[in-house]
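Visitor: One structure, pasted below without further comment.
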Amino acid sequence: TRVIGVSGLNASGKTSVCEFFRGRGYLVLSLSDTIRRELKARGTPESRQALIDAGNDMRNAHGPGILAQRTVHTLHINEDPLQHYVIDSVRHPSEVEALRDGVTSRGGRFCLVGVTAPSEQRYERLKSRGRIGDSVDLSEFMKVEQQESAHSDPNGQQVGKVLHMVDILLDNSHDQDTFEKKIHELAKQLDERLA
């Protein structure tokens with residue numbers, strides 16, 4: 001069983017990577033889904049800030065790897081050799097460790113992919129996609145980016161540190177066609193790495 005973790009800042013292109021692999025038969029899960037269930041249980045409307053706050057609350061209450069630990073336990077590693085997974089929204093080094101250890105200890109193969117793009121491009125993408133919870137104000141975008149990249153709480157989001165742990169880094173600073181070519185190249189690299 002192959003498990004691909006995906007990390008990157010908001011609007012970097014993570015969803016494009018996930019959707020490509022969904023098209024290849026991978027089951028796509030998000031660590032944020034665990035947080036969304038928590039928000040629903042609290043009766044809190046979903047927003048980017050609410051996701052960050054609830055995720056940080058969960059990490060502080062249960063340890064920084066909790067989202068990944070809960071997700072790993074749902075994977076059917078090596079029960080169906082044709083079932084592979086993409087785990088989106090890896091945002092803390094302890095989540096990387098929990099995924100890597102949890103997958104490999106059960107006989108699966110894990111690879112962490114990071115997606116990067118300049119802040120200005122990501123902000124423009126965010127404005128154009130119109131996703132619920134996305135802020136369209138530049139100052140709010142930059143504030144949220146700081147919280148995601150290197151939160152002052154050590155159990156908070158630390159995407160900047162996670163991007164230093166990746167096995168493969170994808171640069172999404174060009175047009176969509178170029179990025180799609182890079183995703184196809186990524187698939188070839190993963191076929192070799194996770195064979």
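Within each chain, counting starts at residue 1; across the structure tokens, chains are named A, B, ... in the order shown, with ligands numbered 1 upward in that order.
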Using DSSP secondary structure from the backbone, list all alpha helix (DSSP H) positions within region 6-127 of chain A, as a PyMOL selection string.
Guide: chain A and resi 14-23+31-42+48-62+66-72+93-104+119-127
Visitor: Excluding Lys161 (chain A) and its own-chain neighbours fewer than 3 positions away, which residues fall within 12 Å of it when counting only C-alpha atoms? Please give them as a VMD selection string.
Guide: chain A and resid 7 to 9 90 to 96 114 148 to 151 154 156 to 158 164 to 166
Visitor: For the residues selected in the previous step, produce a file with C-alpha atoms as a PDB file, in the first residue's frame.
Guide:
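This is the output file again25.pdb:
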```pdb
ATOM      1  CA  SER A   7       1.846  19.537   2.545  1.00  0.00           C
ATOM      2  CA  GLY A   8       1.980  23.170   1.526  1.00  0.00           C
ATOM      3  CA  LEU A   9       0.619  26.566   2.420  1.00  0.00           C
ATOM      4  CA  VAL A  90      -0.022  17.597   6.714  1.00  0.00           C
ATOM      5  CA  ARG A  91       0.881  20.660   8.793  1.00  0.00           C
ATOM      6  CA  HIS A  92       3.071  19.593  11.727  1.00  0.00           C
ATOM      7  CA  PRO A  93       6.346  17.608  11.980  1.00  0.00           C
ATOM      8  CA  SER A  94       4.705  15.215  14.465  1.00  0.00           C
ATOM      9  CA  GLU A  95       2.038  14.481  11.845  1.00  0.00           C
ATOM     10  CA  VAL A  96       4.795  13.550   9.391  1.00  0.00           C
ATOM     11  CA  GLY A 114       5.536  19.417  -0.507  1.00  0.00           C
ATOM     12  CA  GLU A 148       0.091  28.120   9.271  1.00  0.00           C
ATOM     13  CA  SER A 149       3.786  28.457   8.520  1.00  0.00           C
ATOM     14  CA  ALA A 150       5.206  28.864  12.015  1.00  0.00           C
ATOM     15  CA  HIS A 151       2.614  29.183  14.762  1.00  0.00           C
ATOM     16  CA  PRO A 154       4.859  24.592  19.269  1.00  0.00           C
ATOM     17  CA  GLY A 156       0.264  24.645  16.380  1.00  0.00           C
ATOM     18  CA  GLN A 157       0.662  24.460  12.628  1.00  0.00           C
ATOM     19  CA  GLN A 158       4.286  24.335  11.483  1.00  0.00           C
ATOM     20  CA  HIS A 164      11.886  20.950   5.217  1.00  0.00           C
ATOM     21  CA  MET A 165      10.987  17.276   5.836  1.00  0.00           C
ATOM     22  CA  VAL A 166       9.534  16.473   2.403  1.00  0.00           C
TER      23      VAL A 166
END
```
Visitor: Please, which residues of region 55-187 of chain A, numbered as in this document, come out strand (DSSP E or B) from DSSP, as a PyMOL selection string?
Guide: chain A and resi 85-88+109-116+168-171
Visitor: Find, counting only C-alpha atoms, the residue in A:Asp57, A:Glu97, A:Asp167, A:Glu120 that gets nearest to Glu145 (chain A).
Guide: A:Glu120
Visitor: Find, counting only C-alpha atoms, the residue in A:Gly130, A:Gly102, A:Gly23, A:Gly55 that gets nearest to Val3 (chain A).
Guide: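 Among A:Gly130, A:Gly102, A:Gly23, A:Gly55, it is A:Gly102 that comes nearest to Val3 (chain A).
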Visitor: Any idea what the distance is between CA of Val6 (chain A) and CA of Leu112 (chain A)?
Guide: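 Spanning CA of Val6 (chain A) to CA of Leu112 (chain A) is a straight-line distance of 6.0 Å.
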Visitor: One decimal, in Å: what's the spacing between CA of Leu170 (chain A) and CA of Val115 (chain A)?
Guide: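 CA of Val115 (chain A) lies 4.8 Å from CA of Leu170 (chain A).
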Visitor: Neighbours of Ile35 (chain A) within 7 Å (only C-alpha atoms; same-chain residues fewer than 2 positions away dropped), as a PyMOL selection string?
Guide: chain A and resi 32-33+37-39+51+54-55
Visitor: Of the candidates A:Leu31, A:Ala98, A:Ala117, A:Ala195, which shows the shortest atom-to-atom distance to Ile52 (chain A), using only C-alpha atoms?
Guide: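 Going through A:Leu31, A:Ala98, A:Ala117, A:Ala195 one by one, the smallest distance to Ile52 (chain A) is for A:Leu31.
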Visitor: Counting only C-alpha atoms, figure out which residue out of A:Arg125, A:Phe110, A:Ser152, A:Phe141 gets nearest to Gln176 (chain A).
Guide: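 The answer is A:Arg125, which sits nearest to Gln176 (chain A).
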Visitor: Have a look at A:Ile4, A:Leu138, A:Met58, A:Val17 and name the one nearest to Val72 (chain A); count only C-alpha atoms.
Guide: A:Ile4
